[in-house]
file data39.cif (mmCIF, C-alpha atoms)
data_my_file
#
loop_
_atom_site.label_atom_id
_atom_site.label_comp_id
_atom_site.auth_asym_id
_atom_site.auth_seq_id
_atom_site.Cartn_x
_atom_site.Cartn_y
_atom_site.Cartn_z
CA MET P 1 -35.96 -70.07 93.51
CA SER P 2 -39.12 -68.23 94.53
CA LYS P 3 -38.66 -68.42 98.32
CA LYS P 4 -35.74 -69.01 100.67
CA ILE P 5 -35.96 -69.52 104.42
CA VAL P 6 -32.67 -69.45 106.35
CA ALA P 7 -32.81 -69.24 110.12
CA ILE P 8 -31.21 -69.99 113.46
CA VAL P 9 -33.88 -70.75 116.04
CA ASP P 10 -34.24 -71.94 119.61
CA ARG P 11 -36.65 -74.72 118.77
CA ILE P 12 -37.42 -76.47 115.47
CA ASP P 13 -41.09 -76.97 114.63
CA THR P 14 -41.32 -79.76 112.06
CA SER P 15 -45.10 -79.61 111.69
CA GLN P 16 -45.12 -76.71 109.20
CA VAL P 17 -42.15 -77.67 107.02
CA PHE P 18 -44.12 -79.22 104.17
CA THR P 19 -46.58 -76.36 104.14
CA GLU P 20 -43.67 -73.91 103.94
CA LEU P 21 -42.14 -75.85 101.03
CA SER P 22 -45.34 -76.36 99.09
CA ASP P 23 -46.11 -74.43 95.92
CA ALA P 24 -48.10 -74.94 92.74
CA GLN P 25 -44.99 -75.43 90.55
CA SER P 26 -43.60 -78.27 92.68
CA GLY P 27 -44.32 -81.96 92.27
CA GLY P 28 -41.77 -83.06 94.87
CA ILE P 29 -40.58 -81.95 98.29
CA CYS P 30 -37.62 -83.56 100.04
CA VAL P 31 -36.80 -82.79 103.66
CA PHE P 32 -34.06 -83.99 105.99
CA VAL P 33 -34.34 -83.58 109.75
CA GLY P 34 -31.37 -84.23 112.01
CA THR P 35 -32.28 -85.31 115.53
CA VAL P 36 -30.40 -86.11 118.74
CA ARG P 37 -29.47 -89.77 118.87
CA GLU P 38 -29.29 -91.58 122.20
CA PHE P 39 -26.00 -93.36 121.58
CA THR P 40 -22.78 -92.24 119.92
CA GLN P 41 -20.15 -94.93 119.50
CA GLY P 42 -21.85 -96.99 122.19
CA GLU P 43 -21.96 -94.21 124.79
CA GLU P 44 -25.23 -92.81 126.06
CA VAL P 45 -25.73 -89.14 125.22
CA VAL P 46 -27.65 -87.17 127.86
CA SER P 47 -28.03 -84.04 125.78
CA LEU P 48 -26.36 -81.88 123.14
CA GLU P 49 -25.61 -78.23 123.23
CA PHE P 50 -25.33 -76.16 120.05
CA GLU P 51 -23.53 -72.88 119.84
CA THR P 52 -23.15 -70.62 116.81
CA TYR P 53 -21.49 -67.53 115.43
CA GLN P 54 -24.87 -66.36 114.27
CA LYS P 55 -23.99 -63.56 111.87
CA MET P 56 -21.57 -65.76 109.94
CA ALA P 57 -23.75 -68.88 110.18
CA LEU P 58 -26.66 -67.08 108.51
CA LYS P 59 -24.33 -65.81 105.75
CA GLU P 60 -23.00 -69.33 105.12
CA MET P 61 -26.49 -70.86 105.16
CA ASP P 62 -27.60 -68.23 102.69
CA LYS P 63 -24.70 -69.11 100.37
CA ILE P 64 -25.59 -72.79 100.55
CA ALA P 65 -29.23 -72.09 99.63
CA LEU P 66 -28.19 -69.88 96.71
CA ASP P 67 -25.60 -72.40 95.49
CA ALA P 68 -28.20 -75.18 95.59
CA ALA P 69 -30.61 -73.04 93.56
CA LYS P 70 -27.84 -72.52 90.98
CA LYS P 71 -27.11 -76.24 90.74
CA TRP P 72 -30.74 -77.43 90.61
CA ASN P 73 -34.06 -76.01 89.50
CA LEU P 74 -35.63 -75.39 92.92
CA ASN P 75 -38.76 -73.50 93.91
CA ILE P 76 -38.38 -73.17 97.68
CA VAL P 77 -35.40 -73.88 99.93
CA ILE P 78 -35.33 -74.11 103.75
CA ILE P 79 -32.31 -74.31 106.05
CA ARG P 80 -33.10 -73.98 109.73
CA HIS P 81 -30.79 -74.87 112.62
CA ALA P 82 -31.51 -74.89 116.32
CA VAL P 83 -29.14 -73.71 119.05
CA GLY P 84 -29.04 -74.30 122.80
CA LEU P 85 -29.62 -77.46 124.79
CA LYS P 86 -31.28 -80.36 122.97
CA LYS P 87 -32.48 -83.66 124.44
CA VAL P 88 -32.61 -87.07 122.79
CA GLU P 89 -35.10 -87.20 119.84
CA GLU P 90 -35.33 -83.41 119.53
CA PRO P 91 -34.82 -82.03 116.01
CA VAL P 92 -31.70 -79.88 115.65
CA VAL P 93 -31.65 -79.12 111.94
CA VAL P 94 -34.11 -79.17 109.07
CA VAL P 95 -33.18 -78.70 105.42
CA GLY P 96 -35.53 -79.07 102.48
CA ALA P 97 -36.24 -78.19 98.89
CA SER P 98 -39.17 -78.33 96.51
CA SER P 99 -38.94 -78.76 92.75
CA ALA P 100 -40.98 -79.75 89.72
CA HIS P 101 -39.43 -83.25 89.61
CA ARG P 102 -38.02 -85.37 92.39
CA ASP P 103 -34.41 -85.71 91.23
CA ALA P 104 -33.70 -82.05 91.93
CA CYS P 105 -35.19 -81.90 95.43
CA PHE P 106 -33.51 -85.14 96.55
CA GLU P 107 -30.08 -84.10 95.31
CA ALA P 108 -30.45 -80.56 96.62
CA CYS P 109 -31.58 -81.75 100.05
CA ARG P 110 -28.52 -83.98 100.36
CA TYR P 111 -26.28 -81.11 99.24
CA LEU P 112 -27.84 -78.73 101.78
CA ILE P 113 -27.14 -80.94 104.79
CA ASP P 114 -23.70 -82.13 103.62
CA THR P 115 -22.51 -78.58 102.96
CA LEU P 116 -24.05 -77.21 106.15
CA LYS P 117 -22.05 -79.76 108.15
CA GLU P 118 -18.85 -78.69 106.41
CA THR P 119 -19.04 -74.92 106.42
CA VAL P 120 -21.63 -73.42 108.78
CA PRO P 121 -20.08 -72.17 112.04
CA ILE P 122 -22.15 -74.17 114.49
CA TRP P 123 -20.58 -76.29 117.20
CA LYS P 124 -22.03 -79.29 118.96
CA LYS P 125 -21.04 -80.35 122.46
CA GLU P 126 -22.06 -83.85 123.46
CA MET P 127 -22.90 -84.28 127.11
CA PHE P 128 -22.39 -87.79 128.45
CA GLU P 129 -22.88 -88.95 132.03
CA ASN P 130 -19.29 -88.16 133.04
CA LYS P 131 -17.81 -85.92 130.36
CA THR P 132 -18.53 -83.38 127.64
CA VAL P 133 -16.98 -83.47 124.16
CA TRP P 134 -16.84 -80.81 121.41
CA VAL P 135 -17.60 -82.95 118.36
CA SER P 136 -14.87 -83.13 115.67
CA ALA P 137 -12.54 -80.78 117.58
CA HIS P 138 -9.73 -83.29 117.90
CA PRO P 139 -8.23 -85.70 115.36
CA MET Z 140 -36.91 -101.82 111.64
CA SER Z 141 -38.82 -101.11 114.84
CA LYS Z 142 -41.95 -99.59 113.25
CA LYS Z 143 -43.55 -99.65 109.81
CA ILE Z 144 -46.51 -97.57 108.68
CA VAL Z 145 -48.09 -98.51 105.35
CA ALA Z 146 -51.42 -96.97 104.45
CA ILE Z 147 -53.85 -95.81 101.77
CA VAL Z 148 -55.73 -92.75 102.98
CA ASP Z 149 -58.18 -90.17 101.71
CA ARG Z 150 -56.10 -87.22 102.84
CA ILE Z 151 -52.40 -86.93 103.70
CA ASP Z 152 -51.54 -85.02 106.86
CA THR Z 153 -47.90 -83.94 106.62
CA SER Z 154 -47.79 -82.25 110.01
CA GLN Z 155 -47.18 -85.43 111.99
CA VAL Z 156 -44.71 -87.21 109.70
CA PHE Z 157 -41.53 -86.26 111.55
CA THR Z 158 -43.08 -87.11 114.90
CA GLU Z 159 -44.08 -90.52 113.51
CA LEU Z 160 -40.55 -91.13 112.21
CA SER Z 161 -38.73 -89.92 115.31
CA ASP Z 162 -37.05 -92.30 117.73
CA ALA Z 163 -34.15 -92.27 120.14
CA GLN Z 164 -31.91 -94.44 117.92
CA SER Z 165 -32.21 -92.15 114.90
CA GLY Z 166 -29.97 -89.22 114.06
CA GLY Z 167 -31.53 -88.64 110.64
CA ILE Z 168 -34.99 -88.60 109.10
CA CYS Z 169 -35.56 -88.19 105.35
CA VAL Z 170 -39.02 -87.64 103.92
CA PHE Z 171 -40.29 -87.18 100.38
CA VAL Z 172 -43.73 -85.73 99.68
CA GLY Z 173 -45.23 -85.83 96.21
CA THR Z 174 -47.70 -83.04 95.48
CA VAL Z 175 -49.97 -82.04 92.60
CA ARG Z 176 -48.16 -79.76 90.19
CA GLU Z 177 -50.05 -77.09 88.27
CA PHE Z 178 -48.52 -77.77 84.86
CA THR Z 179 -47.59 -80.99 83.08
CA GLN Z 180 -45.75 -80.55 79.80
CA GLY Z 181 -47.04 -77.00 79.58
CA GLU Z 182 -50.70 -77.86 80.11
CA GLU Z 183 -52.61 -76.65 83.14
CA VAL Z 184 -53.80 -79.47 85.40
CA VAL Z 185 -57.13 -78.81 87.10
CA SER Z 186 -56.99 -81.82 89.39
CA LEU Z 187 -55.79 -85.40 89.67
CA GLU Z 188 -57.72 -88.47 90.58
CA PHE Z 189 -56.06 -91.49 92.15
CA GLU Z 190 -57.54 -94.96 92.12
CA THR Z 191 -56.09 -98.10 93.66
CA TYR Z 192 -56.45 -101.84 93.96
CA GLN Z 193 -56.18 -101.46 97.69
CA LYS Z 194 -55.56 -105.00 98.84
CA MET Z 195 -52.70 -105.48 96.39
CA ALA Z 196 -51.36 -101.94 96.84
CA LEU Z 197 -50.95 -102.46 100.59
CA LYS Z 198 -49.18 -105.78 99.96
CA GLU Z 199 -46.78 -104.15 97.49
CA MET Z 200 -46.14 -101.18 99.80
CA ASP Z 201 -45.41 -103.61 102.60
CA LYS Z 202 -42.88 -105.46 100.43
CA ILE Z 203 -41.16 -102.18 99.55
CA ALA Z 204 -40.85 -101.20 103.22
CA LEU Z 205 -39.47 -104.63 104.15
CA ASP Z 206 -37.04 -104.64 101.21
CA ALA Z 207 -35.77 -101.19 102.20
CA ALA Z 208 -35.22 -102.38 105.77
CA LYS Z 209 -33.20 -105.31 104.39
CA LYS Z 210 -31.05 -103.03 102.24
CA TRP Z 211 -30.44 -100.33 104.86
CA ASN Z 212 -30.33 -100.13 108.63
CA LEU Z 213 -33.63 -98.31 109.26
CA ASN Z 214 -35.57 -97.66 112.44
CA ILE Z 215 -38.94 -96.49 111.14
CA VAL Z 216 -40.40 -96.55 107.63
CA ILE Z 217 -43.53 -94.79 106.37
CA ILE Z 218 -45.31 -95.23 103.03
CA ARG Z 219 -48.65 -93.48 102.76
CA HIS Z 220 -50.57 -92.78 99.56
CA ALA Z 221 -53.74 -90.80 99.07
CA VAL Z 222 -56.63 -91.74 96.77
CA GLY Z 223 -59.51 -89.78 95.33
CA LEU Z 224 -59.59 -86.28 93.87
CA LYS Z 225 -56.59 -84.03 94.57
CA LYS Z 226 -56.19 -80.36 93.74
CA VAL Z 227 -53.00 -78.45 92.88
CA GLU Z 228 -50.52 -78.32 95.82
CA GLU Z 229 -52.21 -81.14 97.73
CA PRO Z 230 -49.89 -83.93 98.93
CA VAL Z 231 -50.60 -87.30 97.30
CA VAL Z 232 -47.83 -89.49 98.66
CA VAL Z 233 -45.43 -89.40 101.59
CA VAL Z 234 -42.53 -91.80 102.07
CA GLY Z 235 -39.91 -91.55 104.77
CA ALA Z 236 -37.31 -93.38 106.81
CA SER Z 237 -35.30 -92.77 109.95
CA SER Z 238 -31.86 -94.18 110.67
CA ALA Z 239 -28.82 -93.69 112.89
CA HIS Z 240 -26.86 -91.96 110.09
CA ARG Z 241 -28.09 -89.92 107.16
CA ASP Z 242 -26.81 -92.04 104.26
CA ALA Z 243 -29.27 -94.81 105.03
CA CYS Z 244 -32.40 -92.66 105.33
CA PHE Z 245 -31.61 -90.65 102.17
CA GLU Z 246 -30.98 -93.73 100.06
CA ALA Z 247 -33.95 -95.60 101.51
CA CYS Z 248 -36.30 -92.66 100.96
CA ARG Z 249 -35.32 -92.48 97.30
CA TYR Z 250 -35.76 -96.24 96.94
CA LEU Z 251 -39.22 -96.10 98.55
CA ILE Z 252 -40.63 -93.54 96.12
CA ASP Z 253 -38.90 -94.94 93.02
CA THR Z 254 -40.12 -98.47 93.72
CA LEU Z 255 -43.62 -97.33 94.68
CA LYS Z 256 -43.93 -95.63 91.30
CA GLU Z 257 -42.90 -98.85 89.54
CA THR Z 258 -44.87 -101.53 91.33
CA VAL Z 259 -47.74 -100.29 93.49
CA PRO Z 260 -51.14 -100.62 91.75
CA ILE Z 261 -52.25 -97.00 91.94
CA TRP Z 262 -53.44 -95.10 88.89
CA LYS Z 263 -53.42 -91.38 88.31
CA LYS Z 264 -55.84 -89.61 85.99
CA GLU Z 265 -54.90 -86.07 85.04
CA MET Z 266 -57.83 -83.74 84.50
CA PHE Z 267 -57.16 -80.84 82.16
CA GLU Z 268 -59.63 -78.19 81.05
CA ASN Z 269 -60.79 -80.21 78.02
CA LYS Z 270 -59.62 -83.80 78.51
CA THR Z 271 -58.64 -86.47 81.02
CA VAL Z 272 -55.56 -88.70 80.67
CA TRP Z 273 -54.59 -91.90 82.49
CA VAL Z 274 -50.89 -91.24 83.11
CA SER Z 275 -48.42 -93.70 81.48
CA ALA Z 276 -51.20 -95.81 79.98
CA HIS Z 277 -50.10 -95.30 76.38
CA PRO Z 278 -46.61 -95.39 74.78
CA MET X 279 -7.38 -56.15 118.32
CA ASP X 280 -10.39 -58.20 119.49
CA VAL X 281 -10.79 -61.83 118.49
CA LEU X 282 -14.10 -63.68 119.01
CA LEU X 283 -13.96 -67.26 120.22
CA PHE X 284 -16.48 -70.07 119.81
CA GLY X 285 -16.87 -73.70 120.79
CA ILE X 286 -13.71 -75.34 122.03
CA ALA X 287 -11.68 -72.20 121.27
CA LYS X 288 -13.60 -70.47 124.05
CA ASP X 289 -12.80 -73.33 126.43
CA ILE X 290 -9.09 -73.26 125.52
CA VAL X 291 -8.79 -69.56 126.26
CA GLY X 292 -11.32 -69.52 129.11
CA ASN X 293 -13.11 -66.55 127.61
CA SER X 294 -15.31 -65.67 124.64
CA GLU X 295 -12.88 -63.02 123.42
CA ILE X 296 -9.15 -62.29 123.32
CA GLN X 297 -7.85 -58.76 123.30
CA ILE X 298 -4.42 -58.40 121.74
CA THR X 299 -3.06 -55.11 122.98
CA SER X 300 -0.27 -53.08 121.45
CA LYS X 301 2.06 -54.21 124.25
CA GLU X 302 2.33 -57.37 122.10
CA LYS X 303 3.14 -57.59 118.41
CA ILE X 304 -0.28 -57.32 116.74
CA PRO X 305 -0.77 -60.03 114.06
CA ASN X 306 -0.87 -58.56 110.57
CA SER X 307 -2.38 -61.55 108.78
CA VAL X 308 -4.47 -64.63 109.41
CA GLN X 309 -1.30 -66.74 109.43
CA GLU X 310 0.30 -64.50 112.05
CA LEU X 311 -2.83 -64.69 114.19
CA LYS X 312 -2.81 -68.49 114.01
CA ASP X 313 0.87 -68.56 114.99
CA TYR X 314 0.20 -66.17 117.85
CA LEU X 315 -2.64 -68.34 119.18
CA ILE X 316 -0.68 -71.59 119.00
CA ARG X 317 2.30 -69.94 120.74
CA LYS X 318 0.20 -68.47 123.51
CA PHE X 319 -2.33 -71.35 123.89
CA PRO X 320 -0.60 -74.57 122.79
CA ASP X 321 -3.97 -76.45 122.90
CA PHE X 322 -4.89 -74.75 119.59
CA GLY X 323 -2.15 -76.88 118.02
CA LYS X 324 -3.93 -80.03 119.17
CA LEU X 325 -7.17 -79.29 117.27
CA SER X 326 -8.02 -81.14 114.04
CA SER X 327 -7.81 -77.73 112.40
CA PHE X 328 -9.07 -74.22 112.93
CA ALA X 329 -10.03 -71.40 110.63
CA VAL X 330 -10.18 -67.65 110.98
CA ALA X 331 -13.13 -65.55 109.85
CA VAL X 332 -12.63 -61.91 108.93
CA ASN X 333 -15.84 -59.86 108.85
CA SER X 334 -17.80 -63.11 109.11
CA GLU X 335 -16.24 -64.73 106.03
CA TYR X 336 -13.69 -67.55 106.00
CA ALA X 337 -10.26 -66.01 105.37
CA GLN X 338 -7.19 -67.63 103.82
CA ASP X 339 -3.85 -67.47 105.66
CA ASP X 340 -2.55 -64.56 103.58
CA VAL X 341 -5.49 -62.25 104.29
CA PRO X 342 -4.31 -59.09 106.09
CA LEU X 343 -5.93 -58.10 109.39
CA ASN X 344 -7.03 -54.58 110.22
CA ARG X 345 -7.90 -53.17 113.60
CA ASN X 346 -11.55 -52.60 112.68
CA ASP X 347 -12.15 -56.05 111.24
CA GLU X 348 -14.44 -58.44 113.08
CA ILE X 349 -12.11 -61.36 113.62
CA ALA X 350 -13.25 -64.79 114.87
CA ILE X 351 -11.64 -68.15 115.49
CA ILE X 352 -13.61 -71.00 113.89
CA PRO X 353 -12.68 -74.38 115.38
CA PRO X 354 -13.88 -77.50 113.48
CA VAL X 355 -17.60 -77.02 112.88
CA SER X 356 -20.05 -79.75 113.88
CA GLY X 357 -23.56 -78.55 113.14
CA GLY X 358 -26.33 -80.72 111.77
CA MET Q 359 -64.38 -116.40 86.05
CA ASP Q 360 -64.43 -112.82 87.37
CA VAL Q 361 -61.72 -110.35 86.42
CA LEU Q 362 -61.30 -107.04 88.29
CA LEU Q 363 -60.50 -103.95 86.26
CA PHE Q 364 -58.76 -100.73 87.32
CA GLY Q 365 -57.73 -97.43 85.79
CA ILE Q 366 -57.84 -97.32 82.02
CA ALA Q 367 -58.76 -101.04 81.87
CA LYS Q 368 -62.08 -100.11 83.45
CA ASP Q 369 -62.62 -97.40 80.83
CA ILE Q 370 -61.78 -99.77 77.96
CA VAL Q 371 -64.30 -102.35 79.10
CA GLY Q 372 -66.81 -99.84 80.44
CA ASN Q 373 -67.15 -101.74 83.70
CA SER Q 374 -65.13 -102.52 86.84
CA GLU Q 375 -65.38 -106.26 86.26
CA ILE Q 376 -65.54 -108.79 83.43
CA GLN Q 377 -67.33 -112.07 83.87
CA ILE Q 378 -66.06 -114.79 81.57
CA THR Q 379 -68.78 -117.41 81.47
CA SER Q 380 -68.46 -121.03 80.45
CA LYS Q 381 -70.19 -120.21 77.16
CA GLU Q 382 -66.74 -118.94 76.15
CA LYS Q 383 -63.42 -120.77 76.42
CA ILE Q 384 -62.25 -119.92 79.94
CA PRO Q 385 -58.56 -118.81 79.95
CA ASN Q 386 -56.31 -121.34 81.69
CA SER Q 387 -53.28 -119.11 82.18
CA VAL Q 388 -52.30 -115.48 82.47
CA GLN Q 389 -51.14 -115.56 78.84
CA GLU Q 390 -54.50 -116.94 77.68
CA LEU Q 391 -56.32 -114.24 79.64
CA LYS Q 392 -54.19 -111.51 78.04
CA ASP Q 393 -54.88 -112.95 74.59
CA TYR Q 394 -58.60 -113.14 75.35
CA LEU Q 395 -58.70 -109.49 76.43
CA ILE Q 396 -56.81 -108.20 73.41
CA ARG Q 397 -59.06 -110.20 71.09
CA LYS Q 398 -62.26 -109.00 72.72
CA PHE Q 399 -61.16 -105.41 73.49
CA PRO Q 400 -58.49 -104.39 70.95
CA ASP Q 401 -57.72 -101.22 72.97
CA PHE Q 402 -55.82 -103.41 75.45
CA GLY Q 403 -53.30 -103.94 72.66
CA LYS Q 404 -52.68 -100.19 72.49
CA LEU Q 405 -51.55 -99.87 76.13
CA SER Q 406 -47.86 -99.44 76.98
CA SER Q 407 -48.21 -102.77 78.77
CA PHE Q 408 -50.53 -104.47 81.21
CA ALA Q 409 -50.00 -107.04 83.92
CA VAL Q 410 -52.25 -109.58 85.58
CA ALA Q 411 -52.46 -110.08 89.32
CA VAL Q 412 -53.54 -113.41 90.74
CA ASN Q 413 -54.63 -113.29 94.37
CA SER Q 414 -53.24 -109.76 94.58
CA GLU Q 415 -49.73 -110.70 93.44
CA TYR Q 416 -48.17 -109.94 90.05
CA ALA Q 417 -48.32 -113.16 87.99
CA GLN Q 418 -46.06 -114.22 85.12
CA ASP Q 419 -47.62 -115.30 81.81
CA ASP Q 420 -47.29 -119.02 82.57
CA VAL Q 421 -49.19 -118.89 85.88
CA PRO Q 422 -52.33 -121.07 85.69
CA LEU Q 423 -55.69 -119.54 86.55
CA ASN Q 424 -58.26 -121.19 88.77
CA ARG Q 425 -61.91 -120.34 89.14
CA ASN Q 426 -61.51 -119.24 92.77
CA ASP Q 427 -58.52 -117.00 92.21
CA GLU Q 428 -58.96 -113.28 92.59
CA ILE Q 429 -57.84 -112.07 89.17
CA ALA Q 430 -57.17 -108.44 88.28
CA ILE Q 431 -55.90 -106.51 85.28
CA ILE Q 432 -53.12 -104.08 86.18
CA PRO Q 433 -52.60 -101.41 83.49
CA PRO Q 434 -49.40 -99.28 83.72
CA VAL Q 435 -49.27 -97.97 87.30
CA SER Q 436 -48.80 -94.25 87.91
CA GLY Q 437 -48.88 -93.65 91.64
CA GLY Q 438 -46.69 -91.20 93.48
#
call {"tool": "encode", "arguments": {"input": "data39.cif", "output": "structure tokens"}}
result
Amino acid sequence: MSKKIVAIVDRIDTSQVFTELSDAQSGGICVFVGTVREFTQGEEVVSLEFETYQKMALKEMDKIALDAAKKWNLNIVIIRHAVGLKKVEEPVVVVGASSAHRDACFEACRYLIDTLKETVPIWKKEMFENKTVWVSAHP
Amino acid sequence: MSKKIVAIVDRIDTSQVFTELSDAQSGGICVFVGTVREFTQGEEVVSLEFETYQKMALKEMDKIALDAAKKWNLNIVIIRHAVGLKKVEEPVVVVGASSAHRDACFEACRYLIDTLKETVPIWKKEMFENKTVWVSAHP
Amino acid sequence: MDVLLFGIAKDIVGNSEIQITSKEKIPNSVQELKDYLIRKFPDFGKLSSFAVAVNSEYAQDDVPLNRNDEIAIIPPVSGG
Amino acid sequence: MDVLLFGIAKDIVGNSEIQITSKEKIPNSVQELKDYLIRKFPDFGKLSSFAVAVNSEYAQDDVPLNRNDEIAIIPPVSGG
């Protein structure tokens, strides 16, 4: 891995992601962006709020990037998560990887987002018209 | 599928891809970008040239997008390929899909690029220092 | 001993931190801290699960706690 | 009958089109066209494979060819 970008930000800018992941040794770049969806289980979401334990979140994101680079031959890895209030359609997370061949970047990209959702201390509160819900908190 | 973008272009602009694939019903967007790699089997590539049978290529790309939307629940699908001379690091193809959940967009994105490489009449000529090679032409 | 709270843990306690003073029995391990929290705030028992981080790393139940550690309660994460 | 050529097929023939005139036996099917090409330009036989498109759709060997069809030779594709 020649470059690693791990960050918690207020706002995700998707326009530069492919430029950030581009390098001469890569033939493929795979990127996943998670955005705010209007409906969850049939209920209209007004907005989401993300909160994090930043010091630990950055450590965990760093581990995920390093683990991915051990599992696959990657050139550049990006993991960037937004915090604060997000409206419908806004990006909240972007993960991506570049590699010589496409197998590696596809598999790594999937690993990055799946693992982030399992281990990184970030919490999402869904705001509906009449209630707010901390996602996954209760069985 | 609420929107489908299928195009052959001279130059790929990656900065707008996530905006094009974003919609209120999607929670996930997956995009693959293929770029020109500096080395192929240890030999330094100076540039690539892409040629297409445009009428047929657009038809085949359209079929791939429609097939993907039959296989997975997708909101927006993009397949865009560049033609002409491309230098190292330049993007040559971008495929992407957005969907409510991430499984669908990841699987669809992989399907789009794999199938494009099999069926769409586009030909790549690799230019090395001392020779040019039509990729895959010979056994 | 100070314990940082995030997400729903903050809502359960009504604060972003708990201070466990020496008037109480100070938890000596992650397990003891979890027991303490569930005893004092029964809503912790209703969560899908919750973890404890010691010095910003996930800590197993048998990890000992020291006064100078940075200790945090990690309710079920939901990023992405 | 006009046949469009792309990629290496264009290099083999040295032109972006072949015109098969009625002085020759005009191929009646995709298979006959493939045989004609390999006979006239043996380098077609050295390719990994090549397909024929009729009216911009891949055509099986038994598809008949008509004078007004748009016919194209599709050497191994390598997009992406």
call {"tool": "resolve_selection", "arguments": {"input": "data39.cif", "expression": "the PyMOL selection byres ((chain X) within 6 of (chain P))", "output": "VMD selection string"}}
result
chain X and resid 285 325 to 326 334 354 to 358
call {"tool": "calpha_fit_and_write", "arguments": {"input": "data39.cif", "fixed": "chain Q", "moving": "chain X", "output": "short mmCIF file (atom, residue, chain, number, x, y, z; two decimals) with C-alpha atoms, in the coordinates of the input"}}
result
data_model
loop_
_atom_site.label_atom_id
_atom_site.label_comp_id
_atom_site.auth_asym_id
_atom_site.auth_seq_id
_atom_site.Cartn_x
_atom_site.Cartn_y
_atom_site.Cartn_z
CA MET X 279 -64.40 -116.39 86.03
CA ASP X 280 -64.43 -112.81 87.37
CA VAL X 281 -61.71 -110.35 86.43
CA LEU X 282 -61.30 -107.03 88.30
CA LEU X 283 -60.48 -103.94 86.27
CA PHE X 284 -58.75 -100.73 87.32
CA GLY X 285 -57.73 -97.43 85.79
CA ILE X 286 -57.85 -97.33 82.03
CA ALA X 287 -58.76 -101.04 81.88
CA LYS X 288 -62.09 -100.12 83.46
CA ASP X 289 -62.62 -97.41 80.84
CA ILE X 290 -61.77 -99.79 77.97
CA VAL X 291 -64.31 -102.36 79.11
CA GLY X 292 -66.84 -99.85 80.45
CA ASN X 293 -67.14 -101.75 83.70
CA SER X 294 -65.12 -102.52 86.83
CA GLU X 295 -65.38 -106.27 86.26
CA ILE X 296 -65.56 -108.80 83.42
CA GLN X 297 -67.33 -112.09 83.85
CA ILE X 298 -66.08 -114.81 81.54
CA THR X 299 -68.80 -117.42 81.45
CA SER X 300 -68.46 -121.03 80.39
CA LYS X 301 -70.20 -120.21 77.10
CA GLU X 302 -66.72 -118.94 76.13
CA LYS X 303 -63.42 -120.78 76.41
CA ILE X 304 -62.23 -119.91 79.93
CA PRO X 305 -58.56 -118.80 79.96
CA ASN X 306 -56.33 -121.32 81.69
CA SER X 307 -53.30 -119.09 82.21
CA VAL X 308 -52.31 -115.46 82.47
CA GLN X 309 -51.14 -115.55 78.84
CA GLU X 310 -54.50 -116.91 77.69
CA LEU X 311 -56.32 -114.23 79.65
CA LYS X 312 -54.20 -111.51 78.04
CA ASP X 313 -54.90 -112.96 74.59
CA TYR X 314 -58.60 -113.15 75.36
CA LEU X 315 -58.70 -109.50 76.45
CA ILE X 316 -56.81 -108.20 73.43
CA ARG X 317 -59.06 -110.22 71.09
CA LYS X 318 -62.25 -109.03 72.72
CA PHE X 319 -61.17 -105.42 73.51
CA PRO X 320 -58.51 -104.42 70.96
CA ASP X 321 -57.73 -101.22 72.99
CA PHE X 322 -55.80 -103.41 75.47
CA GLY X 323 -53.28 -103.94 72.67
CA LYS X 324 -52.69 -100.20 72.49
CA LEU X 325 -51.54 -99.87 76.12
CA SER X 326 -47.85 -99.44 76.99
CA SER X 327 -48.20 -102.77 78.76
CA PHE X 328 -50.50 -104.47 81.21
CA ALA X 329 -50.02 -107.04 83.92
CA VAL X 330 -52.26 -109.58 85.57
CA ALA X 331 -52.46 -110.07 89.33
CA VAL X 332 -53.54 -113.42 90.75
CA ASN X 333 -54.63 -113.29 94.40
CA SER X 334 -53.23 -109.76 94.58
CA GLU X 335 -49.71 -110.69 93.45
CA TYR X 336 -48.15 -109.95 90.06
CA ALA X 337 -48.31 -113.15 87.98
CA GLN X 338 -46.06 -114.22 85.11
CA ASP X 339 -47.61 -115.29 81.80
CA ASP X 340 -47.30 -119.01 82.56
CA VAL X 341 -49.19 -118.87 85.86
CA PRO X 342 -52.33 -121.05 85.70
CA LEU X 343 -55.71 -119.53 86.55
CA ASN X 344 -58.27 -121.20 88.77
CA ARG X 345 -61.92 -120.34 89.14
CA ASN X 346 -61.53 -119.25 92.77
CA ASP X 347 -58.53 -117.00 92.21
CA GLU X 348 -58.94 -113.26 92.59
CA ILE X 349 -57.82 -112.09 89.18
CA ALA X 350 -57.16 -108.43 88.30
CA ILE X 351 -55.90 -106.52 85.29
CA ILE X 352 -53.12 -104.07 86.19
CA PRO X 353 -52.62 -101.43 83.50
CA PRO X 354 -49.42 -99.31 83.72
CA VAL X 355 -49.26 -97.98 87.28
CA SER X 356 -48.78 -94.26 87.89
CA GLY X 357 -48.87 -93.63 91.62
CA GLY X 358 -46.66 -91.17 93.44
#
call {"tool": "residues_around", "arguments": {"input": "data39.cif", "residues": "stretch 335-346 of chain X", "least_positions_apart": "3", "cutoff": "12 Å", "atoms": "only C-alpha atoms", "output": "ChimeraX atom specification"}}
result
/P:53,55-61,63,119-121 /X:279-281,297-300,304-313,328-332,349-353
call {"tool": "resolve_selection", "arguments": {"input": "data39.cif", "expression": "the PyMOL selection byres ((chain Z) within 8 of (chain P))", "output": "list in words"}}
result
Thr153, Ser154, Gln155, Val156, Phe157, Ser161, Asp162, Ala163, Gln164, Ser165, Gly166, Gly167, Ile168, Cys169, Val170, Phe171, Val172, Gly173, Thr174, Val175, Arg176, Glu177, Phe178, Val227, Glu228, Ala239, Phe245 and Arg249 of chain Z
